[in-house]
Structures are given as structure tokens and as C-alpha cells.
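Below: the structure, in C-alpha cells.
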Amino acid sequence: MKKPTTYDEYVDLVHQAVYEVDEMRASIEYEPEYMERWSGLLDLLDGVLRKMYDEMVADTYQFPTGRDLPYMQVLNRYGPDFPFKQLLLRINDTHKNGLDRG
């Protein structure tokens with residue numbers, strides 16, 4: 001997955017991640033072992049990503065250069081097991097370092 005080069009591409013990535021959170025939550029809703037394992041991270045992701053998306057749509061989002069998103073510390077504990085981890089890593093990298101200018 002390549003780094004976004006435009007703001008619109010970045011907004012689309014965040015929107016896709018919000019959708020993935022909703023889909024994952026719906027798919028594990030009736031599976032207690034998965035719900036127990038993933039619910040805390042899904043709640044965190046939902047809050048962070050929806051806030052970002054709302055700020056992007058309202059044109060109030062700012063790239064805070066050099067800082068990870070709040071979910072990174074928790075996400076890193078799950079290793080490669082989380083289903084859409086690469087998408088979340090790409091969003092964090094763009095948040096942290098800005099759009100690809102090259």
C-alpha cells in the first residue's frame with residue numbers, strides 16, 4: 001500500500017479504516033473469544049479514526065508532525081495478527097510524517 005500523495009487520498013484511507021472497524025465489530029459481535037480479544041482496540045480505533053475523519057471533513061485536521069496516533073502503542077502489542085494493521089500503519093505514518101511529496 002503506497003503512501004497517499006493528496007489530502008483526498010488520505011481522507012479516503014481514514015474513511016476505509018472507519019469502515020473496517022465497523023465491519024470487524026459486526027463480524028465478531030457473536031463470538032465471545034474474539035470480542036474479548038479485540039473489543040478494547042476496536043473501541044480505541046473507533047474513537048480516534050472517527051474524530052480524525054470528522055476533523056478532515058470539517059477541514060480542521062492538522063498534521064502534528066512527529067507524533068504517533070494514540071492507537072499505535074496498543075496496536076503494536078498485537079503484532080501482525082490484527083486484520084487491517086497495514087492500513088492503520090499507513091494512516092499513522094501519514095499523520096506523523098505528512099503526505100508523500102516524491
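In the C-alpha cells, chains take the letters A, B, ... in the order shown, each chain's residues start at 1, and ligands count up from 1 in the order shown.
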
Quick one: residues within 12 Å of A:Tyr7, only C-alpha atoms, excluding same-chain residues fewer than 4 positions away - as a VMD selection string?
chain A and resid 3 11 to 14 53 56 to 57 59 61 to 63 91 94 to 95 98 to 101

Export of prior selection with all heavy atoms as a compact mmCIF listing (two decimals), in the first residue's frame:
```txt
# COMPACT_ATOMS: atom_id res chain seq x y z
N LYS A 3 1.90 5.29 0.17
CA LYS A 3 1.55 6.44 0.99
C LYS A 3 0.73 7.43 0.15
O LYS A 3 1.04 7.65 -1.02
CB LYS A 3 2.83 7.10 1.49
CG LYS A 3 2.63 8.16 2.51
CD LYS A 3 3.97 8.57 3.07
CE LYS A 3 3.78 9.66 4.10
NZ LYS A 3 5.03 10.04 4.72
N VAL A 11 -7.84 11.20 3.29
CA VAL A 11 -9.21 11.14 3.83
C VAL A 11 -9.84 9.79 3.48
O VAL A 11 -10.49 9.16 4.32
CB VAL A 11 -10.07 12.31 3.31
CG1 VAL A 11 -11.54 12.14 3.71
CG2 VAL A 11 -9.54 13.64 3.81
N ASP A 12 -9.64 9.33 2.25
CA ASP A 12 -10.18 8.03 1.84
C ASP A 12 -9.61 6.89 2.67
O ASP A 12 -10.33 5.94 3.02
CB ASP A 12 -9.90 7.77 0.36
CG ASP A 12 -10.78 8.61 -0.57
OD1 ASP A 12 -11.79 9.16 -0.09
OD2 ASP A 12 -10.42 8.72 -1.75
N LEU A 13 -8.31 6.95 3.00
CA LEU A 13 -7.71 5.90 3.84
C LEU A 13 -8.36 5.87 5.23
O LEU A 13 -8.66 4.80 5.76
CB LEU A 13 -6.21 6.14 4.01
CG LEU A 13 -5.28 5.74 2.89
CD1 LEU A 13 -3.83 6.02 3.28
CD2 LEU A 13 -5.45 4.28 2.53
N VAL A 14 -8.55 7.04 5.80
CA VAL A 14 -9.17 7.11 7.13
C VAL A 14 -10.61 6.61 7.06
O VAL A 14 -11.05 5.84 7.92
CB VAL A 14 -9.07 8.54 7.72
CG1 VAL A 14 -9.85 8.64 9.03
CG2 VAL A 14 -7.61 8.93 7.92
N TYR A 53 -11.61 11.63 11.03
CA TYR A 53 -12.44 11.78 9.83
C TYR A 53 -13.34 13.02 9.95
O TYR A 53 -13.45 13.81 9.00
CB TYR A 53 -13.27 10.52 9.59
CG TYR A 53 -14.05 10.59 8.31
CD1 TYR A 53 -13.41 10.45 7.08
CD2 TYR A 53 -15.42 10.82 8.32
CE1 TYR A 53 -14.12 10.54 5.89
CE2 TYR A 53 -16.13 10.91 7.14
CZ TYR A 53 -15.48 10.77 5.93
OH TYR A 53 -16.18 10.86 4.75
N MET A 56 -11.29 16.01 9.37
CA MET A 56 -10.94 16.12 7.95
C MET A 56 -12.09 16.69 7.14
O MET A 56 -11.91 17.59 6.32
CB MET A 56 -10.52 14.76 7.40
CG MET A 56 -9.21 14.28 7.94
SD MET A 56 -8.91 12.57 7.45
CE MET A 56 -7.12 12.54 7.50
N VAL A 57 -13.28 16.19 7.39
CA VAL A 57 -14.46 16.66 6.67
C VAL A 57 -14.75 18.13 7.01
O VAL A 57 -15.15 18.91 6.14
CB VAL A 57 -15.69 15.76 6.99
CG1 VAL A 57 -16.97 16.36 6.46
CG2 VAL A 57 -15.47 14.37 6.41
N ASP A 59 -12.52 20.22 7.73
CA ASP A 59 -11.31 20.94 7.34
C ASP A 59 -10.60 21.58 8.53
O ASP A 59 -10.06 22.68 8.44
CB ASP A 59 -11.63 22.00 6.27
CG ASP A 59 -10.41 22.35 5.44
OD1 ASP A 59 -9.48 21.51 5.33
OD2 ASP A 59 -10.35 23.49 4.93
N TYR A 61 -8.56 19.34 10.50
CA TYR A 61 -7.49 18.39 10.80
C TYR A 61 -6.14 19.03 10.51
O TYR A 61 -5.97 19.73 9.52
CB TYR A 61 -7.65 17.12 9.95
CG TYR A 61 -6.49 16.17 10.06
CD1 TYR A 61 -6.38 15.33 11.15
CD2 TYR A 61 -5.50 16.14 9.09
CE1 TYR A 61 -5.30 14.45 11.27
CE2 TYR A 61 -4.42 15.27 9.20
CZ TYR A 61 -4.33 14.44 10.29
OH TYR A 61 -3.25 13.60 10.40
N GLN A 62 -5.17 18.75 11.40
CA GLN A 62 -3.81 19.22 11.20
C GLN A 62 -2.85 18.06 11.37
O GLN A 62 -3.04 17.21 12.23
CB GLN A 62 -3.47 20.32 12.19
CG GLN A 62 -4.29 21.57 12.00
CD GLN A 62 -3.92 22.64 12.99
OE1 GLN A 62 -2.98 22.51 13.75
NE2 GLN A 62 -4.67 23.73 12.98
N PHE A 63 -1.81 18.04 10.56
CA PHE A 63 -0.77 17.02 10.68
C PHE A 63 0.16 17.43 11.82
O PHE A 63 0.92 18.38 11.69
CB PHE A 63 0.07 16.94 9.39
CG PHE A 63 -0.66 16.40 8.21
CD1 PHE A 63 -1.33 17.23 7.33
CD2 PHE A 63 -0.65 15.03 7.96
CE1 PHE A 63 -1.99 16.71 6.22
CE2 PHE A 63 -1.31 14.51 6.86
CZ PHE A 63 -1.98 15.35 5.98
N ILE A 91 -1.85 5.01 7.80
CA ILE A 91 -2.52 6.22 8.30
C ILE A 91 -1.64 6.90 9.34
O ILE A 91 -1.44 8.12 9.30
CB ILE A 91 -3.91 5.87 8.89
CG1 ILE A 91 -4.86 5.49 7.76
CG2 ILE A 91 -4.47 7.05 9.70
CD1 ILE A 91 -6.16 4.87 8.22
N THR A 94 1.37 8.63 7.69
CA THR A 94 0.98 9.87 7.02
C THR A 94 0.68 10.95 8.04
O THR A 94 1.07 12.11 7.88
CB THR A 94 -0.23 9.63 6.10
OG1 THR A 94 0.08 8.56 5.20
CG2 THR A 94 -0.58 10.87 5.31
N HIS A 95 0.01 10.58 9.11
CA HIS A 95 -0.30 11.52 10.19
C HIS A 95 0.99 12.09 10.78
O HIS A 95 1.11 13.29 11.02
CB HIS A 95 -1.10 10.79 11.28
CG HIS A 95 -1.34 11.58 12.51
ND1 HIS A 95 -2.31 12.55 12.61
CD2 HIS A 95 -0.72 11.55 13.71
CE1 HIS A 95 -2.30 13.07 13.81
NE2 HIS A 95 -1.33 12.48 14.50
N GLY A 98 3.37 13.37 7.21
CA GLY A 98 2.78 14.13 6.13
C GLY A 98 2.60 13.31 4.87
O GLY A 98 2.92 12.11 4.82
N LEU A 99 2.08 13.94 3.85
CA LEU A 99 1.81 13.29 2.56
C LEU A 99 3.10 13.01 1.82
O LEU A 99 4.12 13.67 2.06
CB LEU A 99 0.91 14.19 1.71
CG LEU A 99 -0.46 14.49 2.28
CD1 LEU A 99 -1.14 15.60 1.47
CD2 LEU A 99 -1.32 13.25 2.31
N ASP A 100 3.06 12.05 0.91
CA ASP A 100 4.23 11.72 0.08
C ASP A 100 4.40 12.82 -0.97
O ASP A 100 3.53 13.05 -1.79
CB ASP A 100 4.01 10.37 -0.61
CG ASP A 100 5.22 9.88 -1.35
OD1 ASP A 100 6.28 10.53 -1.26
OD2 ASP A 100 5.12 8.82 -2.00
N ARG A 101 5.50 13.48 -0.91
CA ARG A 101 5.78 14.59 -1.83
C ARG A 101 6.65 14.17 -3.02
O ARG A 101 6.95 14.97 -3.86
CB ARG A 101 6.47 15.73 -1.10
CG ARG A 101 5.70 16.26 0.08
CD ARG A 101 4.59 17.13 -0.37
NE ARG A 101 3.93 17.67 0.81
CZ ARG A 101 2.69 18.05 0.84
NH1 ARG A 101 1.95 17.94 -0.24
NH2 ARG A 101 2.14 18.53 1.92
```

Do you know which residues are at most 12 Å from stretch 15-23 of chain A counting only C-alpha atoms, after dropping those on the same chain fewer than 6 positions away, and could you put them as a VMD selection string?
chain A and resid 8 to 9 29 38 to 57 82 to 92

Write a file of the selected residues as a compact mmCIF listing (two decimals), in the first residue's frame, keeping N, CA and C atoms.
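Ended up saving to result_18.txt:
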```txt
# COMPACT_ATOMS: atom_id res chain seq x y z
N ASP A 8 -7.07 14.23 -0.25
CA ASP A 8 -8.25 13.41 -0.53
C ASP A 8 -7.94 11.92 -0.41
N GLU A 9 -6.78 11.50 -0.88
CA GLU A 9 -6.37 10.09 -0.73
C GLU A 9 -6.24 9.73 0.74
N GLU A 29 -19.23 -9.78 16.69
CA GLU A 29 -20.23 -9.46 17.70
C GLU A 29 -20.74 -10.69 18.46
N TRP A 38 -10.47 -8.36 20.92
CA TRP A 38 -10.35 -7.18 20.07
C TRP A 38 -11.17 -5.97 20.50
N SER A 39 -12.13 -6.12 21.40
CA SER A 39 -13.06 -5.01 21.66
C SER A 39 -12.37 -3.75 22.17
N GLY A 40 -11.38 -3.87 23.04
CA GLY A 40 -10.68 -2.69 23.55
C GLY A 40 -9.99 -1.91 22.44
N LEU A 41 -9.30 -2.63 21.56
CA LEU A 41 -8.62 -1.97 20.45
C LEU A 41 -9.63 -1.37 19.47
N LEU A 42 -10.70 -2.09 19.20
CA LEU A 42 -11.72 -1.56 18.29
C LEU A 42 -12.35 -0.28 18.84
N ASP A 43 -12.60 -0.24 20.14
CA ASP A 43 -13.15 0.97 20.75
C ASP A 43 -12.20 2.14 20.60
N LEU A 44 -10.91 1.89 20.85
CA LEU A 44 -9.90 2.94 20.70
C LEU A 44 -9.81 3.41 19.25
N LEU A 45 -9.73 2.46 18.33
CA LEU A 45 -9.65 2.80 16.91
C LEU A 45 -10.87 3.60 16.46
N ASP A 46 -12.04 3.16 16.88
CA ASP A 46 -13.28 3.83 16.51
C ASP A 46 -13.24 5.30 16.93
N GLY A 47 -12.86 5.55 18.17
CA GLY A 47 -12.81 6.92 18.66
C GLY A 47 -11.80 7.79 17.92
N VAL A 48 -10.59 7.27 17.75
CA VAL A 48 -9.52 8.03 17.10
C VAL A 48 -9.85 8.29 15.64
N LEU A 49 -10.24 7.25 14.92
CA LEU A 49 -10.47 7.38 13.48
C LEU A 49 -11.68 8.24 13.14
N ARG A 50 -12.76 8.08 13.90
CA ARG A 50 -13.95 8.90 13.64
C ARG A 50 -13.67 10.38 13.93
N LYS A 51 -12.92 10.64 14.99
CA LYS A 51 -12.55 12.03 15.30
C LYS A 51 -11.71 12.61 14.17
N MET A 52 -10.72 11.84 13.71
CA MET A 52 -9.89 12.30 12.59
C MET A 52 -10.74 12.58 11.36
N TYR A 53 -11.61 11.63 11.03
CA TYR A 53 -12.44 11.78 9.83
C TYR A 53 -13.34 13.02 9.95
N ASP A 54 -13.95 13.19 11.11
CA ASP A 54 -14.80 14.37 11.32
C ASP A 54 -14.01 15.67 11.16
N GLU A 55 -12.77 15.70 11.70
CA GLU A 55 -11.92 16.88 11.55
C GLU A 55 -11.54 17.09 10.08
N MET A 56 -11.29 16.01 9.37
CA MET A 56 -10.94 16.12 7.95
C MET A 56 -12.09 16.69 7.14
N VAL A 57 -13.28 16.19 7.39
CA VAL A 57 -14.46 16.66 6.67
C VAL A 57 -14.75 18.13 7.01
N PHE A 82 -3.41 -8.39 13.74
CA PHE A 82 -4.59 -7.56 13.53
C PHE A 82 -4.90 -7.46 12.04
N PRO A 83 -6.15 -7.72 11.63
CA PRO A 83 -6.51 -7.86 10.22
C PRO A 83 -6.15 -6.71 9.28
N PHE A 84 -6.32 -5.47 9.68
CA PHE A 84 -6.02 -4.36 8.78
C PHE A 84 -4.93 -3.45 9.36
N LYS A 85 -3.95 -4.11 9.96
CA LYS A 85 -2.85 -3.39 10.60
C LYS A 85 -2.07 -2.53 9.60
N GLN A 86 -1.84 -3.03 8.39
CA GLN A 86 -1.07 -2.26 7.41
C GLN A 86 -1.76 -0.94 7.05
N LEU A 87 -3.07 -0.96 6.96
CA LEU A 87 -3.82 0.27 6.70
C LEU A 87 -3.62 1.26 7.85
N LEU A 88 -3.71 0.77 9.07
CA LEU A 88 -3.55 1.63 10.24
C LEU A 88 -2.13 2.18 10.35
N LEU A 89 -1.15 1.37 9.98
CA LEU A 89 0.24 1.83 9.98
C LEU A 89 0.44 2.93 8.93
N ARG A 90 -0.18 2.77 7.77
CA ARG A 90 -0.07 3.77 6.70
C ARG A 90 -0.71 5.09 7.15
N ILE A 91 -1.85 5.01 7.80
CA ILE A 91 -2.52 6.22 8.30
C ILE A 91 -1.64 6.90 9.34
N ASN A 92 -1.07 6.13 10.25
CA ASN A 92 -0.20 6.71 11.26
C ASN A 92 1.03 7.35 10.64
```

Just to confirm, what's the straight-line distance from atom CA of A:Lys2 to atom CA of A:Thr65 in Å (one decimal)?
19.1 Å

Any chance you could tabulate, as a Markdown table, the residues of stretch 44-101 of chain A at most 12 Å from stretch 32-37 of chain A with each one's nearest atom pair and distance in Å to one decimal, using only C-alpha atoms, in chain and rising number order?
```
| residue | atom | partner | partner_atom | distance |
| --- | --- | --- | --- | --- |
| A:Arg77 | CA | A:Arg37 | CA | 12.0 |
| A:Tyr78 | CA | A:Arg37 | CA | 9.9 |
| A:Asp81 | CA | A:Arg37 | CA | 11.2 |
| A:Phe82 | CA | A:Arg37 | CA | 10.5 |
```

Using the chain letters and numbers from this document, which residues of chain A does DSSP assign to alpha helix (DSSP H), as JSON, numbers by chain?
{"A": [7, 8, 9, 10, 11, 12, 13, 14, 15, 16, 17, 18, 19, 20, 21, 22, 23, 24, 25, 26, 27, 28, 32, 33, 34, 35, 36, 37, 38, 39, 40, 41, 42, 43, 44, 45, 46, 47, 48, 49, 50, 51, 52, 53, 54, 55, 56, 57, 72, 73, 74, 75, 76, 77, 85, 86, 87, 88, 89, 90, 91, 92, 93, 94, 95, 96, 97]}

Separation of atom CA of A:Gly79 from atom CA of A:Thr5, in Å and rounded to one decimal
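Taking atom CA of A:Gly79 as the start and atom CA of A:Thr5 as the end point, the length is 27.2 Å.
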